[in-house]
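Working notes for the structure below.
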Amino acid sequence: MSAHDQLLVVIDPVARRSDGESVRIAKDVLCGGAEAKICLPESPEEFARALARRGSRRPVVVGDDRALLRAVALLHRDRWLGDGALALVPVGTSVELAHALGVPRGAVAAARAVLDGTVQRLDLLVDESDGVVLGDLSIPVARAAGAAANGATVWGTCRSLVRTLVRPAPPVPAMRTHRLRVEADGVLLTDLDRLVEDVTVRAGGGRAEVVVRHGADMEPVTARALTVTVSGADFRYRADAMITGPVRTRTWTLRPGAWGLTLPSAAVASGG
């Protein structure tokens with residue numbers, strides 16, 4: 001890294017509360033290898049203001065996947081991603097996306113990658129409301145097992161237990177299906193007259209990889225496209241770590257190489 005490279009280190013409050021030791025280690029490594037301005041926002045609004053006032057400094061986020069997503073979304077709306085590069089030291093309980101993108105595990109390794117790594121340009125999925133997707137997109141959101149029991153009373157739970165003791169347990173309900181219309185670059189993959197189990201979209205290799213599953217007895221329908229439109233009855237979707245909806249239609253457009261992430265040089269050289 002250039003001796004003149006200046007960093008803006010934005011430390012997410014969730015990271016400070018969940019793993020203060022890793023935050024301290026990251027700060028020590030970053031400040032020991034570069035001129036770094038440390039920001040300690042206490043709210044999403046302060047987080048946004050810190051990034052907006054970055055000037056010529058290179059932004060570094062210390063936080064989990066949600067902090068990374070928040071930073072990319074803010075910088076995308078600021079129309080900065082095309083020219084700049086973001087760096088991340090993953091700290092928190094939810095860092096699977098960061099590691100999947102190639103960011104090292106451990107505060108020391110990740111901070112050293114910030115200082116010595118190389119920028120890799122990555123694809124980005126952007127919807128019509130400027131929402132961004134870095135990793136996987138799934139439609140609809142599956143209901144978590146046991147979700148229906150979250151609001152059950154103790155008495156209701158006891159009655160359910162008694163019923164299971166006096167008669168066989170009910171069969172496991174079949175997977176829920178939905179009626180969705182899915183288009184990839186204007187080509188119809190499925191329409192509202194067919195039941196859909198799920199749709200997945202992932203950016204990769206300059207195209208969005210789309211998979212539509214109708215059931216175990218049918219082969220999935222696949223496509224690679226630059227735009228994907230899903231419509232139908234109100235549906236929710238999971239984009240990386242975030243759940244959005246309900247919506248009735250949404251279009252995602254792939255932007256190849258739209259954002260830069262600093263990764264270890266060996267990972268960049270090997271293609272991640």
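By order of appearance in the structure tokens: chains A, B, ..., then residues from 1 within every chain, and ligands from 1 in the order shown.
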
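Close contacts of A:Thr118, defined as residues with an atom at most 6 Å away when counting only C-alpha atoms, with chain neighbours fewer than 5 positions off set aside, comprise Thr262, Leu263 and Ser265 of chain A.
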
Just C-alpha atoms for this one: save the residues we selected as a short mmCIF file (atom, residue, chain, number, x, y, z; two decimals), in the first residue's frame.
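Okay, this is what ended up in selection.cif:
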```
data_model
loop_
_atom_site.label_atom_id
_atom_site.label_comp_id
_atom_site.auth_asym_id
_atom_site.auth_seq_id
_atom_site.Cartn_x
_atom_site.Cartn_y
_atom_site.Cartn_z
CA THR A 262 -9.82 -5.11 -1.28
CA LEU A 263 -8.83 -8.77 -0.95
CA SER A 265 -3.36 -10.44 -3.35
#
```

For stretch 172-272 of chain A versus stretch 77-99 of chain A, which residues have an atom no more than 7 Å away, and what is each residue's nearest atom pair and distance in Å rounded to one decimal, using only C-alpha atoms, chain-then-number order, as CSV?
```
residue,atom,partner,partner_atom,distance
A:Ala258,CA,A:Gly82,CA,5.6
A:Trp259,CA,A:Leu81,CA,5.0
A:Gly260,CA,A:Ala85,CA,4.4
A:Leu261,CA,A:Leu86,CA,5.0
A:Thr262,CA,A:Ala87,CA,5.1
```

Could you pull out the strand (DSSP E) residues of stretch 24-243 of chain A, going by DSSP on the backbone, and write them as a ChimeraX atom specification? /A:35-39,58-63,87-90,118-127,132-133,136-139,178-184,187-190,195-196,198-204,207-213,221-225,227-239,242-243

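Taking atom CA of A:Glu128 as the reference point, atom CA of A:Glu45 is found at 22.8 Å.
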
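Closest to A:Leu30 among A:Val14, A:Leu101, A:Arg112, A:Val72 is A:Arg112, based on only C-alpha atoms.
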
Please list as a ChimeraX atom specification every residue within 8 Å of A:Val230, counting only C-alpha atoms and excluding residues in the same chain fewer than 2 positions away. /A:180-183,228,232,249-251

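Of the listed residues (A:Arg16, A:Arg66, A:Arg255, A:Arg213), A:Arg66 comes nearest to A:Ala239; the distances count only C-alpha atoms.
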
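Reported to one decimal place, the separation of atom CA of A:Thr200 from atom CA of A:Gly257 is 20.6 Å.
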
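Taking only C-alpha atoms into account, A:Ala107 lies nearest to A:Ile25 out of the set A:Val247, A:Ile25, A:Met242, A:Ala225.
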
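Distances here use only C-alpha atoms; by that measure, the residue among A:Asp193, A:Asp5, A:Asp64, A:Glu209 closest to A:Ser18 is A:Asp64.
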
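Our summary of the geometry notes that atom CA of A:Val221 is positioned 14.9 Å from atom CA of A:Leu192.
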
Just asking: which residues within stretch 12-162 of chain A are helix (DSSP H, G or I) according to DSSP, as a PyMOL selection string? chain A and resi 13-18+20-33+44-52+65-77+96-100+107-116+147-149+154-162

Can you write out the residues you just picked, keeping C-alpha atoms, as a PDB file, in the first residue's frame?
```
ATOM      1  CA  PRO A  13     -21.492  -0.186  16.874  1.00  0.00           C
ATOM      2  CA  VAL A  14     -22.674  -3.813  16.741  1.00  0.00           C
ATOM      3  CA  ALA A  15     -19.064  -4.935  16.221  1.00  0.00           C
ATOM      4  CA  ARG A  16     -17.904  -2.853  19.178  1.00  0.00           C
ATOM      5  CA  ARG A  17     -20.513  -4.433  21.436  1.00  0.00           C
ATOM      6  CA  SER A  18     -20.166  -8.011  20.207  1.00  0.00           C
ATOM      7  CA  GLY A  20     -14.452  -5.411  21.352  1.00  0.00           C
ATOM      8  CA  GLU A  21     -11.163  -7.340  21.385  1.00  0.00           C
ATOM      9  CA  SER A  22     -11.245  -8.008  17.626  1.00  0.00           C
ATOM     10  CA  VAL A  23     -12.108  -4.354  17.037  1.00  0.00           C
ATOM     11  CA  ARG A  24      -9.104  -3.271  19.126  1.00  0.00           C
ATOM     12  CA  ILE A  25      -6.795  -5.629  17.219  1.00  0.00           C
ATOM     13  CA  ALA A  26      -8.072  -4.365  13.854  1.00  0.00           C
ATOM     14  CA  LYS A  27      -7.528  -0.740  14.922  1.00  0.00           C
ATOM     15  CA  ASP A  28      -3.975  -1.485  16.075  1.00  0.00           C
ATOM     16  CA  VAL A  29      -3.033  -3.197  12.794  1.00  0.00           C
ATOM     17  CA  LEU A  30      -4.649  -0.555  10.570  1.00  0.00           C
ATOM     18  CA  CYS A  31      -3.256   2.424  12.484  1.00  0.00           C
ATOM     19  CA  GLY A  32       0.168   0.799  12.567  1.00  0.00           C
ATOM     20  CA  GLY A  33       0.330   0.497   8.787  1.00  0.00           C
ATOM     21  CA  PRO A  44     -27.198   4.204  10.958  1.00  0.00           C
ATOM     22  CA  GLU A  45     -27.478   7.956  10.351  1.00  0.00           C
ATOM     23  CA  GLU A  46     -24.032   8.608  11.854  1.00  0.00           C
ATOM     24  CA  PHE A  47     -22.672   5.647   9.871  1.00  0.00           C
ATOM     25  CA  ALA A  48     -23.986   7.246   6.655  1.00  0.00           C
ATOM     26  CA  ARG A  49     -22.589  10.672   7.552  1.00  0.00           C
ATOM     27  CA  ALA A  50     -19.154   9.219   8.264  1.00  0.00           C
ATOM     28  CA  LEU A  51     -18.991   7.623   4.817  1.00  0.00           C
ATOM     29  CA  ALA A  52     -20.344  10.754   3.135  1.00  0.00           C
ATOM     30  CA  ASP A  65     -22.331  -8.561   6.791  1.00  0.00           C
ATOM     31  CA  ARG A  66     -25.085  -6.052   7.517  1.00  0.00           C
ATOM     32  CA  ALA A  67     -22.527  -3.283   7.970  1.00  0.00           C
ATOM     33  CA  LEU A  68     -20.925  -4.266   4.659  1.00  0.00           C
ATOM     34  CA  LEU A  69     -24.297  -4.224   2.886  1.00  0.00           C
ATOM     35  CA  ARG A  70     -25.147  -0.859   4.402  1.00  0.00           C
ATOM     36  CA  ALA A  71     -21.830   0.610   3.230  1.00  0.00           C
ATOM     37  CA  VAL A  72     -22.138  -0.734  -0.322  1.00  0.00           C
ATOM     38  CA  ALA A  73     -25.723   0.538  -0.587  1.00  0.00           C
ATOM     39  CA  LEU A  74     -24.737   4.013   0.628  1.00  0.00           C
ATOM     40  CA  LEU A  75     -21.719   4.250  -1.651  1.00  0.00           C
ATOM     41  CA  HIS A  76     -23.772   2.972  -4.600  1.00  0.00           C
ATOM     42  CA  ARG A  77     -26.358   5.712  -4.068  1.00  0.00           C
ATOM     43  CA  GLU A  96     -20.561 -15.594   6.094  1.00  0.00           C
ATOM     44  CA  LEU A  97     -21.079 -13.245   3.142  1.00  0.00           C
ATOM     45  CA  ALA A  98     -17.767 -11.483   3.793  1.00  0.00           C
ATOM     46  CA  HIS A  99     -15.884 -14.779   3.832  1.00  0.00           C
ATOM     47  CA  ALA A 100     -17.703 -16.001   0.723  1.00  0.00           C
ATOM     48  CA  ALA A 107      -9.062  -9.553  12.576  1.00  0.00           C
ATOM     49  CA  VAL A 108      -5.296  -9.632  11.990  1.00  0.00           C
ATOM     50  CA  ALA A 109      -5.452 -11.352   8.582  1.00  0.00           C
ATOM     51  CA  ALA A 110      -8.327  -9.172   7.397  1.00  0.00           C
ATOM     52  CA  ALA A 111      -6.666  -5.940   8.538  1.00  0.00           C
ATOM     53  CA  ARG A 112      -3.399  -6.905   6.853  1.00  0.00           C
ATOM     54  CA  ALA A 113      -5.324  -7.587   3.649  1.00  0.00           C
ATOM     55  CA  VAL A 114      -6.688  -4.032   3.872  1.00  0.00           C
ATOM     56  CA  LEU A 115      -3.114  -2.707   3.986  1.00  0.00           C
ATOM     57  CA  ASP A 116      -1.416  -5.067   1.525  1.00  0.00           C
ATOM     58  CA  ALA A 147     -42.209 -20.077  13.270  1.00  0.00           C
ATOM     59  CA  ALA A 148     -45.925 -20.695  13.676  1.00  0.00           C
ATOM     60  CA  ALA A 149     -45.366 -21.662  17.305  1.00  0.00           C
ATOM     61  CA  VAL A 154     -47.896 -22.359  27.342  1.00  0.00           C
ATOM     62  CA  TRP A 155     -51.410 -23.835  27.534  1.00  0.00           C
ATOM     63  CA  GLY A 156     -51.514 -24.265  23.756  1.00  0.00           C
ATOM     64  CA  THR A 157     -48.173 -26.044  23.846  1.00  0.00           C
ATOM     65  CA  CYS A 158     -49.415 -28.392  26.567  1.00  0.00           C
ATOM     66  CA  ARG A 159     -52.561 -29.239  24.581  1.00  0.00           C
ATOM     67  CA  SER A 160     -50.438 -29.992  21.519  1.00  0.00           C
ATOM     68  CA  LEU A 161     -48.273 -32.313  23.600  1.00  0.00           C
ATOM     69  CA  VAL A 162     -51.335 -34.176  24.896  1.00  0.00           C
TER      70      VAL A 162
END
```

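Closest approach to A:Tyr237 among A:Ala34, A:Leu40, A:Leu124, A:Ile139: A:Ile139, based on only C-alpha atoms.
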
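The environment of A:Gly131 within 9 Å, counting only C-alpha atoms and disregarding residues fewer than 5 places along the same chain, consists of Ala73, Leu125, Val126 and Trp252 of chain A.
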
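Taking only C-alpha atoms, the non-local environment of A:His214 within 10 Å (same-chain residues fewer than 6 positions away omitted) comprises Thr177, His178, Thr190, Arg194, Leu195, Val196, Glu197, Asp198, Val199, Pro220 and Val221 of chain A.
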